[in-house]
Amino acid sequence: MNKRKNKGLPAALRTTVLFGLAIGCLGFSAVGSTRAALTYYSETYTAQIDVQSIGVTLLENGDGAGYRDYTHGDNEWNEASGELLAGTLPEGEEWQPGRTYREELAVRNSGTIEEYVRIKLYKYWTDEDGNKRTDLSPAMIDLNLTGNHWILDERATTANVREGDGRDGERIVAYYDGILAPGEETELFADTITIDGRIADRVTETRETDANGWTTVTTVYEYDGAMFVLEAEVDAVQTHNAADAIRSAWGVEVTLEEDGALRLVQ
């Protein structure tokens, strides 16, 4: 459900959980409102082994925002959809530009085998009909990244992620730097979200003078009626032949230390 903010400032968001899975490579997305739908499914890597059960859960502020678990013995996928940002605001409140809100994102291994995980975040603006507004800056949606045990893929990331960063795209891609054991959770990937208060200053004025000499000044807020969207996509790859699996499933080169620590070859 979309929520509109008074005076046209952005207060709406759309949330969906979207899922996909391949043997040996699991992924799902939580989008920050529509129904659940399959958006990620990769057959690029299929391991000829018994993967038992592989599973991954996206955590938002300590709660599961969605999960996708595969049970090899039963050949079943167990999944649940949810919403991002749905519980971020206290009841009755609306989003306030310039105010920082808690948005703690992490990943839990909800399967029974060890795995490596990747997270992809997308942030952008849409109009009232859900059409993407490419003229509005994703950098105004400030998701604060902790950097704690997460390796940012600088080549795949197009978003502004640090002070002085000149990028203004929508995508953030990062890899957890170690093996995630069954039941374990990663360190936080992000901890807060803020809509930049400067959007209130992004205005244009037009002046029109009629035949009687009266001038009408019209002020239009650039972000009036716009909605911000936050999406999170999580993938997991089994640790068996992990370097090859990651190269095939994720298209990146990594090195793996004896203790399982992952290093991204940038």
# chains A, B, ... in the order shown; residues from 1 in each chain; ligands from 1
$ closest_atom_pairs --of "region 111-214 of chain A" --to "region 240-264 of chain A" --cutoff "6 Å" --atoms "only C-alpha atoms" --output "JSON lines"
{"residue": "A:Asp177", "atom": "CA", "partner": "A:Leu262", "partner_atom": "CA", "distance": 4.7}
{"residue": "A:Gly178", "atom": "CA", "partner": "A:Ala261", "partner_atom": "CA", "distance": 4.5}
{"residue": "A:Ile179", "atom": "CA", "partner": "A:Gly260", "partner_atom": "CA", "distance": 5.9}
$ write_last_selection --atoms "N, CA, C and O atoms" --output "mmCIF file, in the first residue's frame"
data_model
loop_
_atom_site.group_PDB
_atom_site.id
_atom_site.type_symbol
_atom_site.label_atom_id
_atom_site.label_comp_id
_atom_site.auth_asym_id
_atom_site.auth_seq_id
_atom_site.Cartn_x
_atom_site.Cartn_y
_atom_site.Cartn_z
ATOM 1 N N ASP A 177 32.375 -11.433 4.329
ATOM 2 C CA ASP A 177 33.766 -11.852 4.184
ATOM 3 C C ASP A 177 34.106 -13.191 4.823
ATOM 4 O O ASP A 177 35.288 -13.556 4.902
ATOM 5 N N GLY A 178 33.111 -13.931 5.281
ATOM 6 C CA GLY A 178 33.398 -15.215 5.891
ATOM 7 C C GLY A 178 32.290 -16.222 5.647
ATOM 8 O O GLY A 178 31.235 -15.905 5.080
ATOM 9 N N ILE A 179 32.557 -17.451 6.076
ATOM 10 C CA ILE A 179 31.547 -18.506 5.966
ATOM 11 C C ILE A 179 30.448 -18.261 6.990
ATOM 12 O O ILE A 179 30.721 -17.940 8.142
#
$ residues_around --residues "Thr134 (chain A)" --least-positions-apart "4" --cutoff "10 Å" --atoms "only C-alpha atoms" --output "list in words"
Tyr124, Trp125, Thr126, Pro138, Gly169 and Glu170 of chain A
$ closest_residue --among "A:Gln238, A:Thr57, A:Thr219, A:Thr158" --to "Tyr116 (chain A)" --atoms "only C-alpha atoms"
A:Gln238
$ residues_around --residues "Thr194 (chain A)" --least-positions-apart "4" --cutoff "10 Å" --atoms "only C-alpha atoms" --output "list in words"
Trp95, Gln96, Pro97, Gly98, Arg99, Thr100, Tyr101, Arg102, Glu103, Met140, Ile141, Asp142, Leu143 and Asn144 of chain A
$ atom_distance --atom1 "CA of Thr186 (chain A)" --atom2 "CA of His149 (chain A)"
8.1 Å
$ closest_residue --among "A:Thr146, A:Ser137, A:Gln266, A:Asn109" --to "Gly166 (chain A)" --atoms "only C-alpha atoms"
A:Ser137
$ residues_around --residues "Ala174 (chain A)" --least-positions-apart "3" --cutoff "10 Å" --atoms "only C-alpha atoms" --output "number ranges by chain"
A: 117-121, 147, 149-154, 156-157, 177, 189, 234, 264
$ write_last_selection --atoms "C-alpha atoms" --output "tab-separated table (two decimals), in the first residue's frame"
chain	number	residue	atom	x	y	z
A	117	VAL	CA	26.27	-14.73	1.03
A	118	ARG	CA	25.92	-11.66	-1.15
A	119	ILE	CA	23.58	-8.70	-0.75
A	120	LYS	CA	22.40	-6.31	-3.45
A	121	LEU	CA	20.59	-3.08	-2.57
A	147	GLY	CA	31.25	-1.72	6.45
A	149	HIS	CA	32.73	-7.61	7.60
A	150	TRP	CA	31.06	-6.67	4.31
A	151	ILE	CA	33.21	-6.21	1.21
A	152	LEU	CA	31.83	-3.64	-1.19
A	153	ASP	CA	32.06	-4.57	-4.85
A	154	GLU	CA	33.28	-1.24	-6.19
A	156	ALA	CA	29.30	-3.39	-9.48
A	157	THR	CA	28.25	-0.60	-7.10
A	177	ASP	CA	33.77	-11.85	4.18
A	189	PHE	CA	25.14	-4.45	6.50
A	234	VAL	CA	20.16	-11.77	-0.98
A	264	LEU	CA	37.11	-10.19	-3.51
$ atom_distance --atom1 "CA of Gly111 (chain A)" --atom2 "CA of Asp69 (chain A)"
6.3 Å
$ atom_distance --atom1 "CA of Val217 (chain A)" --atom2 "CA of Ala139 (chain A)"
29.4 Å
$ closest_residue --among "A:Asp196, A:Asp191, A:Glu163, A:Glu114" --to "Thr88 (chain A)" --atoms "only C-alpha atoms"
A:Asp191
$ select_by_dssp --residues "region 34-243 of chain A" --states "strand (DSSP E)" --output "ChimeraX atom specification"
/A:53-60,63-71,76-80,100-108,115-126,141-145,150-152,171-176,190-195,203-209,215-221,227-238
$ closest_residue --among "A:Ala190, A:Gly183, A:Ala159, A:Glu115" --to "Asn61 (chain A)" --atoms "only C-alpha atoms"
A:Ala190
